[in-house]
file data_32.cif (mmCIF, C-alpha atoms)
data_structure
#
loop_
_atom_site.label_atom_id
_atom_site.label_comp_id
_atom_site.auth_asym_id
_atom_site.auth_seq_id
_atom_site.Cartn_x
_atom_site.Cartn_y
_atom_site.Cartn_z
CA MET A 1 128.22 82.19 99.96
CA ASN A 2 127.79 83.88 96.59
CA GLU A 3 126.37 87.34 95.95
CA SER A 4 122.89 86.22 94.82
CA MET A 5 122.44 84.13 97.96
CA LEU A 6 123.36 87.15 100.08
CA ARG A 7 120.82 89.32 98.23
CA GLU A 8 118.12 86.68 98.72
CA GLN A 9 118.92 86.44 102.44
CA ASN A 10 118.88 90.22 102.78
CA LYS A 11 115.43 90.39 101.17
CA ARG A 12 114.13 87.71 103.51
CA THR A 13 115.63 89.52 106.48
CA VAL A 14 113.96 92.80 105.50
CA LEU A 15 110.60 91.01 105.16
CA MET A 16 110.96 89.36 108.56
CA VAL A 17 111.99 92.62 110.26
CA PHE A 18 109.00 94.36 108.67
CA TRP A 19 106.78 91.49 109.89
CA ALA A 20 108.11 91.84 113.46
CA VAL A 21 107.55 95.61 113.42
CA LEU A 22 104.02 95.10 112.09
CA ILE A 23 103.29 92.57 114.85
CA CYS A 24 104.43 95.12 117.44
CA CYS A 25 102.26 97.84 115.89
CA VAL A 26 99.19 95.59 115.85
CA VAL A 27 99.75 94.45 119.45
CA ILE A 28 100.19 98.02 120.67
CA GLY A 29 97.27 99.33 118.62
CA SER A 30 95.02 96.53 119.80
CA LEU A 31 95.70 97.08 123.48
CA LEU A 32 95.88 100.88 123.72
CA PRO A 33 93.00 102.53 125.58
CA ALA A 34 90.31 103.94 123.29
CA ALA A 35 91.03 107.52 124.44
CA SER A 36 94.78 107.35 123.69
CA PRO A 37 96.10 109.88 121.15
CA VAL A 38 97.03 107.10 118.73
CA MET A 39 93.54 105.58 118.74
CA VAL A 40 91.93 109.02 118.45
CA ALA A 41 94.14 109.76 115.42
CA ILE A 42 93.28 106.41 113.83
CA GLY A 43 89.60 107.18 114.39
CA ARG A 44 90.01 110.43 112.45
CA LEU A 45 91.02 108.45 109.37
CA HIS A 46 87.38 107.39 108.90
CA ILE A 47 88.36 103.89 107.76
CA ASN A 48 85.95 101.16 108.77
CA ASP A 49 87.20 99.20 111.78
CA LYS A 50 86.65 95.85 110.06
CA VAL A 51 88.61 97.00 106.99
CA GLN A 52 91.51 97.95 109.29
CA HIS A 53 91.41 94.52 110.92
CA PHE A 54 91.22 92.73 107.57
CA CYS A 55 94.15 94.68 106.07
CA ALA A 56 96.35 94.36 109.15
CA TYR A 57 95.89 90.60 109.36
CA LEU A 58 96.23 90.18 105.59
CA ALA A 59 99.70 91.71 105.89
CA LEU A 60 100.51 89.81 109.09
CA SER A 61 99.76 86.47 107.46
CA SER A 62 101.18 87.08 103.99
CA LEU A 63 104.65 88.28 105.07
CA PRO A 64 105.81 85.03 106.73
CA VAL A 65 104.37 82.96 103.87
CA ILE A 66 106.48 85.00 101.45
CA GLY A 67 109.54 85.47 103.64
CA PHE A 68 110.17 82.16 105.38
CA ARG A 69 112.62 79.94 103.52
CA ASN A 70 110.58 76.86 104.46
CA ARG A 71 107.17 77.16 102.79
CA ARG A 72 105.31 75.02 105.31
CA ARG A 73 106.68 76.93 108.31
CA GLY A 74 105.74 80.20 106.61
CA ILE A 75 102.18 79.01 106.13
CA VAL A 76 101.94 77.87 109.75
CA ALA A 77 103.39 81.18 111.00
CA GLY A 78 100.94 83.09 108.80
CA LEU A 79 97.93 81.12 109.97
CA THR A 80 98.89 81.49 113.64
CA MET A 81 98.29 85.20 113.24
CA PHE A 82 94.61 84.32 113.70
CA VAL A 83 95.45 83.06 117.20
CA LEU A 84 97.26 86.35 117.87
CA GLY A 85 94.14 88.23 116.78
CA VAL A 86 91.86 86.21 119.06
CA LEU A 87 94.20 86.74 122.02
CA LEU A 88 94.44 90.46 121.36
CA GLU A 89 90.67 90.76 121.07
CA GLY A 90 90.39 89.05 124.46
CA GLY A 91 93.02 91.42 125.85
CA GLN A 92 90.89 94.39 124.87
CA HIS A 93 88.57 93.44 127.72
CA PHE A 94 91.27 94.82 130.06
CA SER A 95 91.91 98.01 128.09
CA PRO A 96 89.81 101.07 129.05
CA GLY A 97 87.13 101.88 126.50
CA ARG A 98 87.79 98.76 124.43
CA ALA A 99 85.76 95.58 124.06
CA MET A 100 86.06 92.27 122.26
CA GLU A 101 83.91 92.09 119.12
CA LEU A 102 83.06 88.96 117.16
CA GLY A 103 83.07 91.03 113.95
CA ASP A 104 86.71 91.96 114.57
CA VAL A 105 87.63 88.30 115.06
CA LEU A 106 85.86 87.40 111.80
CA ALA A 107 87.61 90.24 109.94
CA ASN A 108 90.94 89.05 111.35
CA GLY A 109 90.21 85.50 110.19
CA ALA A 110 89.24 86.65 106.71
CA GLY A 111 92.42 88.73 106.52
CA VAL A 112 94.58 85.82 107.66
CA SER A 113 93.01 83.45 105.14
CA CYS A 114 93.30 85.86 102.24
CA GLY A 115 96.81 86.85 103.31
CA ALA A 116 98.04 83.26 103.36
CA LEU A 117 96.58 82.67 99.89
CA LEU A 118 98.03 85.94 98.61
CA GLY A 119 101.40 85.08 100.12
CA LEU A 120 101.42 81.71 98.38
CA SER A 121 100.58 83.38 95.07
CA ILE A 122 103.30 85.99 95.49
CA ARG A 123 105.80 83.38 96.61
CA GLY A 124 105.07 81.37 93.47
CA CYS A 125 105.50 84.41 91.22
CA ILE A 126 108.75 85.74 92.67
CA ALA A 127 111.79 83.97 91.34
CA ILE A 128 113.97 84.97 94.30
CA LEU A 129 111.94 82.84 96.67
#

call {"tool": "encode", "arguments": {"input": "data_32.cif", "output": "structure tokens"}}
result
Amino acid sequence: MNESMLREQNKRTVLMVFWAVLICCVVIGSLLPAASPVMVAIGRLHINDKVQHFCAYLALSSLPVIGFRNRRRGIVAGLTMFVLGVLLEGGQHFSPGRAMELGDVLANGAGVSCGALLGLSIRGCIAIL
């Protein structure tokens, strides 16, 4: 394996590790009780809840589209982040002080859609991929 192939693989690995960490953060943040210190701190940021959902799912869907070697699998992995969002919204029913909101699901879906499109654009512009 030559040096440029190793660099490309390292970049993909970093993207996929970042994606996995982001998934963990979103899962934890989605299921924490509303009164937890993390959720209270996030509330102090004064960022609209729907904007947070949109941005999180934009990142969750764009990273696999950019990072997967196989373009089609990356797109599928990115779009399945919508399913993750729906499941996590349903899981909030069991978390104290949290509730499922249709607006959150819609913001997640918009973020996933835009993220997949953004990922395809970035993938097309970056020569390493």

call {"tool": "closest_atom_pairs", "arguments": {"input": "data_32.cif", "of": "region 34-107 of chain A", "to": "region 6-22 of chain A", "cutoff": "7 Å", "atoms": "all atoms listed in the file", "output": "JSON lines"}}
result
{"residue": "A:Leu60", "atom": "CA", "partner": "A:Trp19", "partner_atom": "CA", "distance": 6.5}
{"residue": "A:Leu63", "atom": "CA", "partner": "A:Trp19", "partner_atom": "CA", "distance": 6.2}
{"residue": "A:Pro64", "atom": "CA", "partner": "A:Met16", "partner_atom": "CA", "distance": 7.0}
{"residue": "A:Gly67", "atom": "CA", "partner": "A:Arg12", "partner_atom": "CA", "distance": 5.1}

call {"tool": "closest_residue", "arguments": {"input": "data_32.cif", "among": "A:Thr80, A:Gly97, A:Ile122, A:Ala107", "to": "Val40 (chain A)", "atoms": "only C-alpha atoms"}}
result
A:Gly97

call {"tool": "resolve_selection", "arguments": {"input": "data_32.cif", "expression": "the PyMOL selection byres ((chain A and resi 27) around 10)", "output": "JSON, numbers by chain"}}
result
{"A": [21, 22, 23, 24, 25, 26, 28, 29, 30, 31, 32, 84, 85, 87, 88, 89, 91]}

call {"tool": "atom_distance", "arguments": {"input": "data_32.cif", "atom1": "CA of Gly109 (chain A)", "atom2": "CA of Ser62 (chain A)"}}
result
12.7 Å

call {"tool": "atom_distance", "arguments": {"input": "data_32.cif", "atom1": "CA of Gly115 (chain A)", "atom2": "CA of Asn48 (chain A)"}}
result
18.8 Å

call {"tool": "resolve_selection", "arguments": {"input": "data_32.cif", "expression": "the PyMOL selection byres ((chain A and resi 61) around 9)", "output": "ChimeraX atom specification"}}
result
/A:19,56-60,62-65,74-75,77-82,111-116,119

call {"tool": "atom_distance", "arguments": {"input": "data_32.cif", "atom1": "CA of Gly43 (chain A)", "atom2": "CA of Leu118 (chain A)"}}
result
27.8 Å

call {"tool": "axis_aligned_box", "arguments": {"input": "data_32.cif", "around": "region 44-60 of chain A", "padding_each_side": "8 Å", "output": "lines of an AutoDock Vina configuration file"}}
result
center_x = 93.2
center_y = 100.1
center_z = 109.0
size_x = 30.6
size_y = 36.6
size_z = 22.9

call {"tool": "decode", "arguments": {"input": "data_32.cif", "residues": "region 2-36 of chain A", "atoms": "N, CA, C and O atoms", "output": "CSV table (one decimal), in the first residue's frame"}}
result
chain,number,residue,atom,x,y,z
A,2,ASN,N,0.6,2.2,-0.9
A,2,ASN,CA,1.5,3.3,-1.0
A,2,ASN,C,1.1,4.4,0.0
A,2,ASN,O,0.0,4.3,0.7
A,3,GLU,N,1.9,5.4,0.1
A,3,GLU,CA,1.7,6.5,1.1
A,3,GLU,C,0.4,7.2,1.0
A,3,GLU,O,-0.3,7.5,1.9
A,4,SER,N,0.0,7.6,-0.3
A,4,SER,CA,-1.2,8.3,-0.5
A,4,SER,C,-2.5,7.5,-0.1
A,4,SER,O,-3.5,8.0,0.4
A,5,MET,N,-2.4,6.2,-0.4
A,5,MET,CA,-3.5,5.3,0.0
A,5,MET,C,-3.7,5.3,1.5
A,5,MET,O,-4.8,5.3,2.1
A,6,LEU,N,-2.6,5.3,2.2
A,6,LEU,CA,-2.6,5.3,3.7
A,6,LEU,C,-3.2,6.6,4.2
A,6,LEU,O,-4.0,6.6,5.2
A,7,ARG,N,-2.8,7.7,3.6
A,7,ARG,CA,-3.3,9.0,4.1
A,7,ARG,C,-4.8,9.0,3.8
A,7,ARG,O,-5.6,9.5,4.7
A,8,GLU,N,-5.3,8.5,2.7
A,8,GLU,CA,-6.7,8.5,2.4
A,8,GLU,C,-7.5,7.7,3.4
A,8,GLU,O,-8.5,8.1,3.9
A,9,GLN,N,-6.9,6.5,3.7
A,9,GLN,CA,-7.6,5.6,4.7
A,9,GLN,C,-7.6,6.2,6.1
A,9,GLN,O,-8.6,6.1,6.8
A,10,ASN,N,-6.5,6.9,6.4
A,10,ASN,CA,-6.5,7.6,7.7
A,10,ASN,C,-7.6,8.7,7.8
A,10,ASN,O,-8.2,8.9,8.8
A,11,LYS,N,-7.7,9.4,6.7
A,11,LYS,CA,-8.8,10.5,6.7
A,11,LYS,C,-10.2,9.9,6.9
A,11,LYS,O,-11.0,10.4,7.6
A,12,ARG,N,-10.4,8.8,6.2
A,12,ARG,CA,-11.7,8.1,6.3
A,12,ARG,C,-11.9,7.6,7.7
A,12,ARG,O,-13.0,7.7,8.2
A,13,THR,N,-10.9,7.0,8.3
A,13,THR,CA,-11.0,6.5,9.6
A,13,THR,C,-11.3,7.6,10.6
A,13,THR,O,-12.2,7.4,11.5
A,14,VAL,N,-10.6,8.7,10.5
A,14,VAL,CA,-10.9,9.9,11.4
A,14,VAL,C,-12.4,10.3,11.2
A,14,VAL,O,-13.1,10.5,12.2
A,15,LEU,N,-12.9,10.4,10.0
A,15,LEU,CA,-14.3,10.8,9.8
A,15,LEU,C,-15.2,9.8,10.4
A,15,LEU,O,-16.2,10.1,11.0
A,16,MET,N,-14.9,8.5,10.3
A,16,MET,CA,-15.8,7.5,10.8
A,16,MET,C,-15.8,7.4,12.3
A,16,MET,O,-16.8,7.2,13.0
A,17,VAL,N,-14.6,7.7,12.9
A,17,VAL,CA,-14.5,7.7,14.4
A,17,VAL,C,-15.3,8.9,14.9
A,17,VAL,O,-16.1,8.8,15.9
A,18,PHE,N,-15.2,10.1,14.2
A,18,PHE,CA,-15.9,11.3,14.6
A,18,PHE,C,-17.4,11.0,14.5
A,18,PHE,O,-18.2,11.4,15.3
A,19,TRP,N,-17.8,10.3,13.4
A,19,TRP,CA,-19.2,10.0,13.2
A,19,TRP,C,-19.8,9.1,14.4
A,19,TRP,O,-20.8,9.4,14.9
A,20,ALA,N,-19.0,8.1,14.8
A,20,ALA,CA,-19.4,7.2,15.9
A,20,ALA,C,-19.5,8.0,17.2
A,20,ALA,O,-20.4,7.8,17.9
A,21,VAL,N,-18.6,8.9,17.4
A,21,VAL,CA,-18.6,9.7,18.7
A,21,VAL,C,-19.8,10.6,18.6
A,21,VAL,O,-20.5,10.8,19.6
A,22,LEU,N,-20.1,11.2,17.5
A,22,LEU,CA,-21.3,12.1,17.3
A,22,LEU,C,-22.6,11.3,17.5
A,22,LEU,O,-23.5,11.8,18.2
A,23,ILE,N,-22.7,10.1,17.0
A,23,ILE,CA,-23.8,9.2,17.3
A,23,ILE,C,-24.0,9.0,18.8
A,23,ILE,O,-25.1,9.1,19.3
A,24,CYS,N,-22.9,8.7,19.5
A,24,CYS,CA,-23.0,8.5,20.9
A,24,CYS,C,-23.5,9.7,21.6
A,24,CYS,O,-24.3,9.6,22.5
A,25,CYS,N,-23.0,10.9,21.2
A,25,CYS,CA,-23.4,12.1,21.9
A,25,CYS,C,-24.9,12.4,21.6
A,25,CYS,O,-25.6,12.8,22.6
A,26,VAL,N,-25.3,12.2,20.4
A,26,VAL,CA,-26.7,12.4,20.1
A,26,VAL,C,-27.6,11.4,20.9
A,26,VAL,O,-28.7,11.8,21.4
A,27,VAL,N,-27.2,10.2,20.9
A,27,VAL,CA,-28.0,9.2,21.7
A,27,VAL,C,-28.1,9.6,23.1
A,27,VAL,O,-29.2,9.6,23.7
A,28,ILE,N,-27.0,9.9,23.7
A,28,ILE,CA,-27.0,10.2,25.2
A,28,ILE,C,-27.8,11.5,25.4
A,28,ILE,O,-28.6,11.6,26.3
A,29,GLY,N,-27.5,12.5,24.6
A,29,GLY,CA,-28.2,13.8,24.7
A,29,GLY,C,-29.7,13.7,24.5
A,29,GLY,O,-30.5,14.4,25.2
A,30,SER,N,-30.1,12.7,23.7
A,30,SER,CA,-31.6,12.6,23.4
A,30,SER,C,-32.3,11.8,24.5
A,30,SER,O,-33.5,12.0,24.7
A,31,LEU,N,-31.6,11.0,25.3
A,31,LEU,CA,-32.2,10.2,26.3
A,31,LEU,C,-32.0,10.6,27.7
A,31,LEU,O,-32.6,10.1,28.6
A,32,LEU,N,-31.1,11.6,27.9
A,32,LEU,CA,-30.9,12.1,29.3
A,32,LEU,C,-32.2,12.8,29.8
A,32,LEU,O,-32.9,13.4,29.0
A,33,PRO,N,-32.4,12.7,31.1
A,33,PRO,CA,-33.6,13.4,31.7
A,33,PRO,C,-33.4,14.9,31.5
A,33,PRO,O,-32.3,15.4,31.5
A,34,ALA,N,-34.5,15.6,31.4
A,34,ALA,CA,-34.5,17.0,31.2
A,34,ALA,C,-33.8,17.8,32.3
A,34,ALA,O,-33.2,18.8,32.0
A,35,ALA,N,-33.8,17.3,33.5
A,35,ALA,CA,-33.2,18.0,34.6
A,35,ALA,C,-31.7,17.6,34.8
A,35,ALA,O,-31.1,18.2,35.7
A,36,SER,N,-31.1,16.8,33.9
A,36,SER,CA,-29.7,16.5,34.0
A,36,SER,C,-28.8,17.7,33.8
A,36,SER,O,-29.2,18.6,33.1
